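**Q** Pasting my_file_24.txt below, which is compact mmCIF, C-alpha atoms.
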# COMPACT_ATOMS: atom_id res chain seq x y z
CA MET A 1 65.21 -15.33 195.12
CA ASP A 2 68.97 -14.81 195.46
CA VAL A 3 69.48 -18.55 195.04
CA VAL A 4 67.16 -18.69 192.03
CA LYS A 5 69.06 -15.88 190.31
CA GLU A 6 72.46 -17.40 191.05
CA ILE A 7 71.50 -20.84 189.77
CA LYS A 8 69.93 -19.39 186.61
CA ASN A 9 73.15 -17.47 185.91
CA LEU A 10 75.25 -20.59 186.50
CA ILE A 11 73.08 -22.57 184.09
CA LYS A 12 73.42 -19.88 181.45
CA ASP A 13 77.22 -19.59 181.87
CA SER A 14 77.87 -23.34 182.01
CA SER A 15 76.32 -24.32 178.67
CA SER A 16 79.15 -23.31 176.33
CA ALA A 17 81.97 -24.34 178.67
CA GLU A 18 80.63 -27.86 179.17
CA GLU A 19 80.16 -28.60 175.47
CA SER A 20 83.92 -28.57 174.83
CA SER A 21 84.72 -30.91 177.74
CA ALA A 22 81.69 -33.21 177.58
CA LEU A 23 82.12 -36.97 177.75
CA ARG A 24 81.59 -39.00 174.61
CA TYR A 25 79.43 -42.07 175.11
CA MET A 26 79.70 -45.50 173.53
CA GLN A 27 77.07 -46.16 170.88
CA GLY A 28 75.80 -49.44 169.49
CA ASN A 29 73.53 -52.36 170.27
CA ALA A 30 73.94 -55.03 172.94
CA GLU A 31 71.92 -57.74 174.63
CA SER A 32 71.79 -55.77 177.86
CA PHE A 33 71.18 -52.08 178.46
CA GLY A 34 74.75 -51.50 179.63
CA GLY A 35 76.56 -54.06 177.51
CA ASN A 36 77.42 -56.44 180.39
CA LEU A 37 81.14 -55.63 180.12
CA SER A 38 83.96 -57.81 181.43
CA THR A 39 86.03 -56.73 184.45
CA LYS A 40 89.00 -55.82 182.25
CA ALA A 41 86.82 -53.79 179.89
CA ARG A 42 85.06 -51.88 182.69
CA PHE A 43 88.26 -50.98 184.52
CA SER A 44 89.93 -49.79 181.31
CA TYR A 45 87.64 -46.72 181.33
CA PHE A 46 88.51 -45.55 184.85
CA ASP A 47 91.42 -43.35 183.71
CA HIS A 48 89.91 -40.65 181.53
CA GLN A 49 92.33 -37.77 182.13
CA ILE A 50 93.53 -37.10 178.59
CA ASP A 51 91.49 -39.71 176.83
CA ASN A 52 88.81 -38.92 174.26
CA THR A 53 87.59 -42.51 174.23
CA GLN A 54 83.86 -43.14 174.18
CA VAL A 55 82.75 -44.22 177.66
CA PRO A 56 80.21 -47.06 178.07
CA CYS A 57 77.25 -45.52 179.89
CA GLY A 58 74.14 -47.58 179.23
CA PHE A 59 71.68 -46.98 176.38
CA LEU A 60 73.05 -49.83 174.29
CA LYS A 61 69.38 -50.74 174.04
CA LYS A 62 66.58 -48.24 173.60
CA PHE A 63 65.18 -46.88 176.84
CA PRO A 64 61.49 -47.83 176.43
CA ILE A 65 59.48 -44.69 177.12
CA SER A 66 57.05 -42.68 175.01
CA ASP A 67 58.22 -40.02 172.57
CA SER A 68 56.24 -37.34 174.42
CA ASP A 69 58.03 -38.17 177.68
CA ARG A 70 61.39 -38.18 175.92
CA ILE A 71 60.74 -34.72 174.45
CA ALA A 72 59.66 -33.38 177.85
CA MET A 73 62.86 -34.74 179.43
CA GLU A 74 65.03 -33.09 176.79
CA LYS A 75 63.32 -29.77 177.43
CA CYS A 76 64.38 -29.78 181.08
CA GLU A 77 67.36 -27.42 180.95
CA GLY A 78 68.04 -26.45 184.54
CA VAL A 79 67.46 -28.51 187.68
CA VAL A 80 65.67 -31.86 187.66
CA VAL A 81 64.44 -33.92 190.62
CA VAL A 82 64.13 -37.61 189.79
CA SER A 83 62.67 -40.64 191.53
CA ALA A 84 61.38 -44.08 190.54
CA ILE A 85 58.92 -46.71 191.71
CA PHE A 86 59.13 -50.19 190.20
CA ASN A 87 57.04 -53.20 191.16
CA ASP A 88 54.67 -50.94 193.15
CA HIS A 89 57.31 -50.81 195.90
CA ASP A 90 56.49 -47.33 197.26
CA LYS A 91 53.89 -44.58 197.26
CA ILE A 92 54.23 -41.28 195.40
CA ARG A 93 54.97 -38.55 197.91
CA GLN A 94 54.79 -34.84 197.16
CA PRO A 95 57.78 -32.74 198.26
CA LYS A 96 57.17 -30.08 200.90
CA GLY A 97 58.69 -26.65 201.47
CA ILE A 98 58.83 -25.75 197.78
CA GLY A 99 59.04 -22.06 196.90
CA GLY A 100 56.78 -20.49 194.29
CA LYS A 101 59.64 -20.00 191.82
CA THR A 102 60.85 -23.57 192.25
CA VAL A 103 57.80 -25.02 190.51
CA GLU A 104 58.67 -22.86 187.51
CA GLU A 105 62.41 -23.57 187.50
CA VAL A 106 62.63 -27.25 188.53
CA CYS A 107 61.43 -30.36 186.67
CA PHE A 108 60.05 -33.30 188.69
CA PHE A 109 60.01 -36.74 187.01
CA MET A 110 58.86 -40.05 188.50
CA PHE A 111 59.66 -43.25 186.56
CA ILE A 112 57.30 -46.19 187.06
CA ASP A 113 56.58 -49.58 185.48
CA GLU A 114 53.37 -51.32 184.44
CA VAL A 115 52.78 -52.83 187.90
CA THR A 116 53.01 -49.43 189.58
CA MET A 117 50.89 -47.84 186.82
CA LYS A 118 48.11 -50.37 187.39
CA GLY A 119 48.12 -49.59 191.11
CA LEU A 120 47.79 -45.87 190.41
CA GLU A 121 44.95 -46.53 187.97
CA ASP A 122 43.16 -48.80 190.44
CA HIS A 123 43.29 -46.06 193.06
CA GLY A 124 41.99 -43.46 190.62
CA MET A 125 45.15 -41.35 190.74
CA ILE A 126 45.60 -41.35 186.96
CA GLY A 127 43.23 -41.93 184.06
CA ARG A 128 43.43 -45.16 182.09
CA GLU A 129 42.98 -43.36 178.77
CA SER A 130 45.48 -40.53 179.30
CA ARG A 131 48.75 -40.58 177.38
CA GLU A 132 50.51 -38.13 179.69
CA HIS A 133 50.23 -38.27 183.46
CA LYS A 134 50.95 -35.89 186.29
CA ILE A 135 50.42 -36.32 190.03
CA GLY A 136 51.10 -33.16 191.99
CA VAL A 137 54.48 -31.81 190.88
CA TRP A 138 55.58 -35.18 189.45
CA ARG A 139 55.39 -35.96 185.75
CA ILE A 140 54.86 -39.73 185.55
CA VAL A 141 56.98 -41.61 182.99
CA LYS A 142 56.01 -45.21 182.29
CA VAL A 143 58.93 -47.54 181.48
CA ALA A 144 58.39 -50.86 179.68
CA LYS A 145 60.59 -52.89 182.01
CA GLU A 146 60.20 -56.07 179.94
CA GLU A 147 62.80 -54.63 177.57
CA LEU A 148 65.30 -53.90 180.38
CA TYR A 149 66.24 -56.01 183.42
CA GLU A 150 64.36 -58.70 185.33
CA SER A 151 65.28 -57.00 188.61
CA PRO A 152 63.06 -53.98 189.43
CA ALA A 153 65.91 -52.64 191.57
CA MET A 154 68.27 -52.70 188.59
CA ASN A 155 65.73 -50.89 186.45
CA GLY A 156 65.60 -48.21 189.14
CA ILE A 157 69.38 -47.80 188.84
CA ILE A 158 68.96 -46.38 185.31
CA PRO A 159 67.28 -43.10 186.36
CA LYS A 160 69.32 -43.05 189.58
CA TYR A 161 72.76 -43.10 187.92
CA LEU A 162 72.12 -42.19 184.29
CA VAL A 163 70.08 -39.07 185.01
CA HIS A 164 72.58 -36.98 183.02
CA ARG A 165 71.80 -39.05 179.93
CA LEU A 166 68.04 -39.14 180.43
CA PHE A 167 68.08 -35.36 180.85
CA PRO A 168 70.93 -34.31 178.52
CA ASN A 169 70.23 -30.59 178.83
CA SER A 170 69.89 -30.37 182.62
CA LYS A 171 72.75 -28.85 184.61
CA PHE A 172 71.89 -30.06 188.13
CA SER A 173 69.93 -33.02 189.46
CA ILE A 174 68.65 -34.50 192.69
CA TRP A 175 67.90 -38.19 192.98
CA VAL A 176 65.39 -39.04 195.74
CA ASP A 177 64.52 -42.61 196.70
CA ALA A 178 60.76 -43.09 196.55
CA LYS A 179 60.70 -44.07 200.23
CA LEU A 180 61.59 -40.44 201.03
CA GLN A 181 59.65 -37.19 201.02
CA LEU A 182 61.73 -34.08 200.41
CA VAL A 183 60.98 -31.33 202.96
CA VAL A 184 63.46 -28.69 201.74
CA ASP A 185 63.32 -26.71 198.50
CA PRO A 186 65.48 -28.45 195.83
CA LEU A 187 67.10 -25.18 194.73
CA LEU A 188 68.24 -24.48 198.29
CA LEU A 189 69.66 -27.99 198.54
CA ILE A 190 71.61 -27.68 195.30
CA HIS A 191 72.96 -24.30 196.35
CA SER A 192 73.92 -25.19 199.93
CA LEU A 193 75.32 -28.69 199.35
CA VAL A 194 76.82 -28.48 195.84
CA ILE A 195 77.30 -24.94 194.56
CA SER A 196 78.50 -23.28 197.78
CA GLN A 197 80.85 -26.23 198.41
CA ASN A 198 82.18 -26.10 194.84
CA VAL A 199 81.85 -29.86 194.36
CA ASP A 200 80.65 -32.21 191.63
CA MET A 201 78.15 -33.99 193.84
CA ALA A 202 76.86 -34.36 197.38
CA ILE A 203 75.74 -37.46 199.24
CA SER A 204 75.14 -38.36 202.88
CA LYS A 205 77.51 -40.43 204.98
CA HIS A 206 76.20 -43.79 206.15
CA PRO A 207 74.85 -43.69 209.72
CA PHE A 208 76.58 -46.91 210.81
CA PHE A 209 79.37 -48.08 208.50
CA LEU A 210 82.79 -46.67 207.70
CA HIS A 211 84.28 -49.41 205.48
CA THR A 212 82.92 -51.00 202.29
CA MET A 213 83.42 -54.47 203.75
CA GLU A 214 81.16 -53.66 206.68
CA GLU A 215 78.38 -52.84 204.25
CA ALA A 216 79.10 -56.04 202.27
CA MET A 217 78.84 -58.13 205.44
CA ALA A 218 75.59 -56.42 206.44
CA THR A 219 74.21 -56.96 202.92
CA ALA A 220 74.87 -60.70 203.28
CA ARG A 221 73.74 -60.91 206.92
CA TRP A 222 70.42 -59.15 206.39
CA LYS A 223 69.82 -60.75 202.96
CA LYS A 224 69.73 -57.45 201.13
CA TRP A 225 71.03 -59.34 198.10
CA TRP A 226 70.26 -63.00 197.54
CA ASP A 227 73.51 -64.25 195.91
CA ILE A 228 76.02 -64.23 198.77
CA ASN A 229 78.73 -65.91 196.73
CA ALA A 230 78.42 -63.16 194.10
CA LEU A 231 78.90 -60.56 196.86
CA LYS A 232 82.07 -62.36 197.91
CA HIS A 233 83.29 -62.40 194.31
CA GLN A 234 82.56 -58.68 193.96
CA MET A 235 84.55 -57.77 197.07
CA GLU A 236 87.46 -59.99 196.05
CA THR A 237 87.49 -58.37 192.61
CA TYR A 238 87.75 -54.93 194.21
CA CYS A 239 90.37 -56.06 196.74
CA GLU A 240 92.46 -57.56 193.94
CA HIS A 241 92.36 -54.27 192.06
CA GLY A 242 93.29 -52.03 194.96
CA LEU A 243 90.27 -51.38 197.20
CA GLN A 244 91.51 -50.17 200.59
CA PRO A 245 89.69 -49.68 203.90
CA TRP A 246 88.87 -46.13 204.82
CA SER A 247 91.72 -44.18 206.39
CA PRO A 248 92.55 -40.46 206.70
CA SER A 249 95.17 -40.94 203.97
CA LYS A 250 92.38 -41.04 201.38
CA LEU A 251 91.50 -37.83 199.59
CA PRO A 252 89.72 -35.28 201.81
CA TYR A 253 86.13 -34.47 201.04
CA ALA A 254 84.22 -31.42 202.17
CA SER A 255 81.76 -32.14 204.92
CA VAL A 256 78.86 -29.96 205.98
CA VAL A 257 78.50 -30.75 209.65
CA ILE A 258 75.11 -29.18 210.32
CA LEU A 259 72.37 -27.35 208.48
CA ARG A 260 70.03 -25.14 210.52
CA ASN A 261 66.80 -23.45 209.49
CA VAL A 262 67.09 -24.84 205.97
CA THR A 263 63.59 -23.77 205.09
CA SER A 264 64.65 -20.13 205.44
CA TYR A 265 68.05 -20.93 203.97
CA ALA A 266 70.35 -20.26 206.90
CA ALA A 267 72.95 -22.89 206.13
CA VAL A 268 75.65 -23.14 208.76
CA ARG A 269 78.94 -24.67 207.74
CA ILE A 270 81.22 -25.66 210.60
CA GLY A 271 84.58 -26.19 208.97
CA MET A 272 86.01 -28.76 206.61
CA ALA A 273 86.42 -32.34 207.72
CA SER A 274 89.37 -34.32 206.34
CA ILE A 275 87.34 -37.53 206.30
CA GLY A 276 85.00 -38.99 203.77
CA GLU A 277 83.69 -42.40 204.66
CA ASP A 278 83.65 -45.21 202.13
CA VAL A 279 79.95 -45.99 202.60
CA PRO A 280 77.27 -43.44 201.66
CA ASP A 281 73.56 -43.34 202.23
CA SER A 282 72.59 -43.00 198.59
CA ALA A 283 68.89 -42.31 199.11
CA VAL A 284 69.56 -38.69 198.10
CA ILE A 285 72.21 -37.76 195.51
CA LEU A 286 72.80 -34.18 194.37
CA ARG A 287 74.85 -33.59 191.22
CA ARG A 288 76.30 -30.81 189.15
CA HIS A 289 76.29 -32.34 185.66
CA GLY A 290 79.85 -32.19 184.33
CA VAL A 291 82.75 -34.46 183.48
CA GLY A 292 83.45 -35.49 187.10
CA SER A 293 79.96 -36.51 188.21
CA ASN A 294 78.97 -37.85 184.77
CA LEU A 295 82.02 -40.13 184.56
CA PHE A 296 81.44 -41.29 188.13
CA SER A 297 77.81 -42.10 187.34
CA CYS A 298 78.72 -44.04 184.18
CA LEU A 299 81.38 -46.10 185.97
CA MET A 300 79.01 -46.78 188.86
CA PHE A 301 76.27 -47.97 186.51
CA ASN A 302 78.66 -50.38 184.79
CA GLU A 303 79.67 -51.88 188.16
CA LEU A 304 76.06 -52.24 189.26
CA GLU A 305 75.12 -54.04 186.06
CA ALA A 306 78.11 -56.33 186.44
CA PHE A 307 77.36 -57.34 190.04
CA ASN A 308 74.15 -56.13 191.72
CA PRO A 309 72.19 -52.90 192.32
CA ARG A 310 73.61 -52.43 195.86
CA ASP A 311 75.37 -49.18 194.96
CA GLN A 312 77.05 -48.67 198.36
CA LEU A 313 79.38 -51.59 197.60
CA ALA A 314 80.91 -50.04 194.47
CA PHE A 315 80.96 -46.44 195.68
CA ALA A 316 84.43 -46.21 197.29
CA PHE A 317 86.15 -48.32 194.63
CA VAL A 318 84.86 -46.14 191.79
CA ARG A 319 85.47 -42.89 193.68
CA ASP A 320 89.05 -43.78 194.59
CA LYS A 321 90.08 -45.33 191.27
CA MET A 322 88.58 -42.96 188.69
CA LYS A 323 90.61 -40.16 187.13
CA PRO A 324 90.05 -37.28 187.02
CA ASN A 325 88.87 -37.39 190.62
CA VAL A 326 85.29 -36.55 191.41
CA THR A 327 84.81 -33.96 194.18
CA ILE A 328 82.19 -35.05 196.69
CA ASN A 329 80.60 -33.37 199.67
CA MET A 330 79.84 -36.25 202.02
CA PHE A 331 77.58 -34.48 204.46
CA GLU A 332 76.65 -35.58 207.95
CA VAL A 333 73.68 -37.82 208.77
CA GLU A 334 72.18 -34.97 210.81
CA VAL A 335 71.90 -32.93 207.61
CA PHE A 336 70.24 -35.82 205.77
CA GLU A 337 67.67 -36.13 208.56
CA GLN A 338 66.62 -32.52 208.00
CA LEU A 339 66.28 -32.88 204.22
CA ALA A 340 63.71 -35.66 203.99
CA LEU A 341 61.23 -37.83 205.85
CA GLU A 342 61.56 -41.60 205.44
CA PHE A 343 58.63 -43.98 205.09
CA ARG A 344 58.25 -47.75 204.93
CA HIS A 345 58.05 -49.52 201.59
CA ASN A 346 54.68 -50.91 200.52
CA LEU A 347 53.72 -54.23 202.07
CA LYS A 348 53.81 -57.11 199.61
CA ASN A 349 51.03 -59.63 199.29
CA LYS A 350 51.66 -63.32 199.95
CA ARG A 351 51.55 -64.26 196.27
CA HIS A 352 54.30 -61.75 195.47
CA GLU A 353 56.42 -62.97 198.39
CA SER A 354 56.11 -66.60 197.30
CA LEU A 355 57.15 -65.74 193.76
CA LEU A 356 60.09 -63.75 195.10
CA SER A 357 61.24 -66.52 197.42
CA THR A 358 61.23 -69.17 194.69
CA SER A 359 63.00 -67.05 192.07
CA THR A 360 65.61 -65.47 194.34
CA ARG A 361 66.45 -68.13 196.91
CA THR A 362 69.54 -67.13 198.88
CA LYS A 363 72.76 -68.71 197.62
CA ARG A 364 75.32 -69.48 200.31
CA ALA A 365 78.89 -68.34 199.82
CA HIS A 366 81.91 -70.57 199.46
CA PRO A 367 84.40 -70.54 202.40
CA GLY A 368 85.21 -67.15 203.93
CA PHE A 369 87.30 -64.25 202.80
CA LEU A 370 90.45 -65.31 204.65
CA TYR A 371 90.91 -68.76 203.14
CA VAL A 372 90.77 -70.26 199.66
CA ASN A 373 90.67 -74.06 199.39
CA ALA A 374 91.52 -74.20 203.12
CA THR A 375 94.76 -72.38 202.41
CA CYS A 376 95.51 -68.85 203.48
CA CYS A 377 94.93 -66.36 201.93
CA SER A 378 92.12 -64.77 199.93
CA LYS A 379 92.37 -61.56 197.93
CA CYS A 380 90.74 -59.58 200.74
CA GLN A 381 92.94 -60.73 203.61
CA LYS A 382 95.05 -57.55 203.66
CA TYR A 383 91.93 -55.38 203.53
CA LEU A 384 90.28 -57.21 206.42
CA LEU A 385 93.37 -57.28 208.62
CA THR A 386 93.89 -53.54 208.08
CA MET A 387 90.22 -52.82 208.78
CA TRP A 388 90.23 -54.90 211.96
CA ASP A 389 93.51 -53.38 213.10
CA GLN A 390 92.02 -49.88 212.72
CA SER A 391 88.93 -50.94 214.65
CA ASN A 392 91.06 -52.08 217.59
CA HIS A 393 92.89 -48.74 217.96
Go ahead and express the file in the form of structure tokens.
**A**
Amino acid sequence: MDVVKEIKNLIKDSSSAEESSALRYMQGNAESFGGNLSTKARFSYFDHQIDNTQVPCGFLKKFPISDSDRIAMEKCEGVVVVSAIFNDHDKIRQPKGIGGKTVEEVCFFMFIDEVTMKGLEDHGMIGRESREHKIGVWRIVKVAKEELYESPAMNGIIPKYLVHRLFPNSKFSIWVDAKLQLVVDPLLLIHSLVISQNVDMAISKHPFFLHTMEEAMATARWKKWWDINALKHQMETYCEHGLQPWSPSKLPYASVVILRNVTSYAAVRIGMASIGEDVPDSAVILRRHGVGSNLFSCLMFNELEAFNPRDQLAFAFVRDKMKPNVTINMFEVEVFEQLALEFRHNLKNKRHESLLSTSTRTKRAHPGFLYVNATCCSKCQKYLLTMWDQSNH
């Protein structure tokens, strides 16, 4: 109850202060939802310290949902928990450990497409004739993906990174990948990981990787994105414009080392760590909606539209280059493991797999990062040599 009262007071006090410093967003019409901006155009919006320029942040095409859903989203004025399932990729999982007041104070929205909707109808989870749908705590919002992107993953990026625009009156949000089931009350999470740390957002460190390039190599190796040459181009673009490997010289970020007894809200903070790795696990993102996190989310979305929906690859570049800086609590993996349970994605049938393999056949990359036209050196040589030198010490 103490947390509920504190968050309600923060929401009440923040409304007038944020109106005067709110970002202004680019308006207009474009062929793609985000405008498909050039590299020069995207990077020109990174410095927003004393600039009142309108920031490109999606919605250059109408987001295709029903008017009733849109009205319900605008009425969410406090904390919102958001997830999405496109292409019937996951099951809907109900969060656990929710307090009685949380159901009253927190909005839960699940975005789905026609394929997922049909699966829910076939299993009798929602009625075919109903205009509004709810499953457990989740309000179901159907998105007409035909008017957005071909990639279901890219369509999922819209609610993941533009949550502050979909819910313009909300003050805090939690994104949860649909493969996860939350097991801690959302209000306790917001309070312990964002409010008590006085940060714009909170996100888990990656369990294995420290440097962006390590994640890029793993993405190519494990075929997490089919166009390997495009991954190479993305990394070279970032290297050319100043991406550096992780080192302690980067800005410090608060780090919650451990969280005990979170269900009874006994959060234990063991000091501040002066590290903040360059690769997050973005399955859970907690935000305080304000200039810092909103600008970060807009810039991230623009990068993901430009290259691919693998958000871990753009994270460090956007974080390090944007101004004003966004304050981030990169908490430990052990904390993440206590917040949610992880499940497998739905198995795909053979017909779906055959369609996927023919439309997204892996494209091999041109020669490696260190050499261009058999001549040293590529734009990422300095990055790689620094990264490898650090790894050897």
**Q** For CA of Ala144 in chain A and CA of Arg70 in chain A, quote the distance in Å rounded to one decimal.
**A**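 A separation of 13.6 Å between them.
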**Q** For Phe317 in chain A, which residue out of A:Glu236, A:Asp67, A:Asp227, A:Glu342 is the nearest one, using all atoms listed in the file?
**A**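 Using all atoms listed in the file, Phe317 in chain A sits closest to A:Glu236.
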**Q** Rank A:Val279, A:Asp311, A:Asn294, A:Pro245 by their smallest atom-to-atom distance to Leu384 in chain A, using all atoms listed in the file, and report the top residue only.
**A** A:Pro245
**Q** Quick one: pull the distance between CA of Ala153 in chain A and CA of Leu295 in chain A, Å, one decimal.
**A**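 Separation between CA of Ala153 in chain A and CA of Leu295 in chain A: 21.6 Å.
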**Q** If you measure from CA of Ala202 in chain A to CA of Val333 in chain A, what distance in Å do you get, rounded to one decimal?
**A**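 Spanning CA of Ala202 in chain A to CA of Val333 in chain A is a straight-line distance of 12.3 Å.
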**Q** Of the candidates A:Val326, A:Met1, A:Ala340, A:Ala41, which one gets nearest to Asn198 in chain A if we count all atoms listed in the file?
**A** A:Val326
**Q** Contacts of Phe315 in chain A at 10 Å or less, counting only C-alpha atoms, minus same-chain residues fewer than 3 places along, as a PyMOL selection string?
**A** chain A and resi 212+278-280+282+296-297+299-300+303-304+310-312+318-320
**Q** Need the shell around Leu162 in chain A: protein/DNA/RNA residues with any atom at most 8 Å away, counting all atoms listed in the file. Skip same-chain ones fewer than 6 positions apart. Format as a list in words?
**A**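 Selected residues are Cys57, Gly58, Ser297, Cys298 and Phe301 of chain A.
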**Q** Of the candidates A:Met235, A:Ile228, A:Val335, A:Ala84, which shows the shortest atom-to-atom distance to Pro207 in chain A, using all atoms listed in the file?
**A**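 Closest to Pro207 in chain A of all the choices is A:Val335.
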**Q** Pick out the residues sitting within 12 Å of Ser293 in chain A, and hand them over as a VMD selection string; count all atoms listed in the file, and ignore anything fewer than 2 positions along from it in its own chain.
**A** chain A and resid 22 to 23 161 to 165 171 to 173 194 199 to 203 285 to 291 295 to 300 318 to 319 322 to 329
**Q** Can I get the selected residues back with C-alpha atoms, as a compact mmCIF listing (two decimals), in the frame of the given file?
**A**
# COMPACT_ATOMS: atom_id res chain seq x y z
CA ALA A 22 81.69 -33.21 177.58
CA LEU A 23 82.12 -36.97 177.75
CA TYR A 161 72.76 -43.10 187.92
CA LEU A 162 72.12 -42.19 184.29
CA VAL A 163 70.08 -39.07 185.01
CA HIS A 164 72.58 -36.98 183.02
CA ARG A 165 71.80 -39.05 179.93
CA LYS A 171 72.75 -28.85 184.61
CA PHE A 172 71.89 -30.06 188.13
CA SER A 173 69.93 -33.02 189.46
CA VAL A 194 76.82 -28.48 195.84
CA VAL A 199 81.85 -29.86 194.36
CA ASP A 200 80.65 -32.21 191.63
CA MET A 201 78.15 -33.99 193.84
CA ALA A 202 76.86 -34.36 197.38
CA ILE A 203 75.74 -37.46 199.24
CA ILE A 285 72.21 -37.76 195.51
CA LEU A 286 72.80 -34.18 194.37
CA ARG A 287 74.85 -33.59 191.22
CA ARG A 288 76.30 -30.81 189.15
CA HIS A 289 76.29 -32.34 185.66
CA GLY A 290 79.85 -32.19 184.33
CA VAL A 291 82.75 -34.46 183.48
CA LEU A 295 82.02 -40.13 184.56
CA PHE A 296 81.44 -41.29 188.13
CA SER A 297 77.81 -42.10 187.34
CA CYS A 298 78.72 -44.04 184.18
CA LEU A 299 81.38 -46.10 185.97
CA MET A 300 79.01 -46.78 188.86
CA VAL A 318 84.86 -46.14 191.79
CA ARG A 319 85.47 -42.89 193.68
CA MET A 322 88.58 -42.96 188.69
CA LYS A 323 90.61 -40.16 187.13
CA PRO A 324 90.05 -37.28 187.02
CA ASN A 325 88.87 -37.39 190.62
CA VAL A 326 85.29 -36.55 191.41
CA THR A 327 84.81 -33.96 194.18
CA ILE A 328 82.19 -35.05 196.69
CA ASN A 329 80.60 -33.37 199.67
**Q** Pick the closest to Gln181 in chain A from A:Ser83, A:Gln234, A:Thr116, A:Thr386: which is it, counting only C-alpha atoms?
**A** A:Ser83
**Q** Tell me which protein, DNA and RNA residues are within 10 Å of Phe59 in chain A, counting only C-alpha atoms, leaving out same-chain ones fewer than 5 positions away, and put them as a PyMOL selection string.
**A** chain A and resi 25-30+32-35+158+162+165-166
**Q** Which residues come within 12 Å of Thr102 in chain A, counting only C-alpha atoms, excluding same-chain residues fewer than 6 positions away, as a PyMOL selection string?
**A** chain A and resi 1+3-5+7-8+78-81+95-96+108+137+184-190
**Q** Ranking A:Arg24, A:Leu313, A:Lys205, A:Ile50 by minimum distance to Ala220 in chain A and counting all atoms listed in the file, which one comes first?
**A**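 When distances to Ala220 in chain A are compared using all atoms listed in the file, the smallest one comes from A:Leu313.
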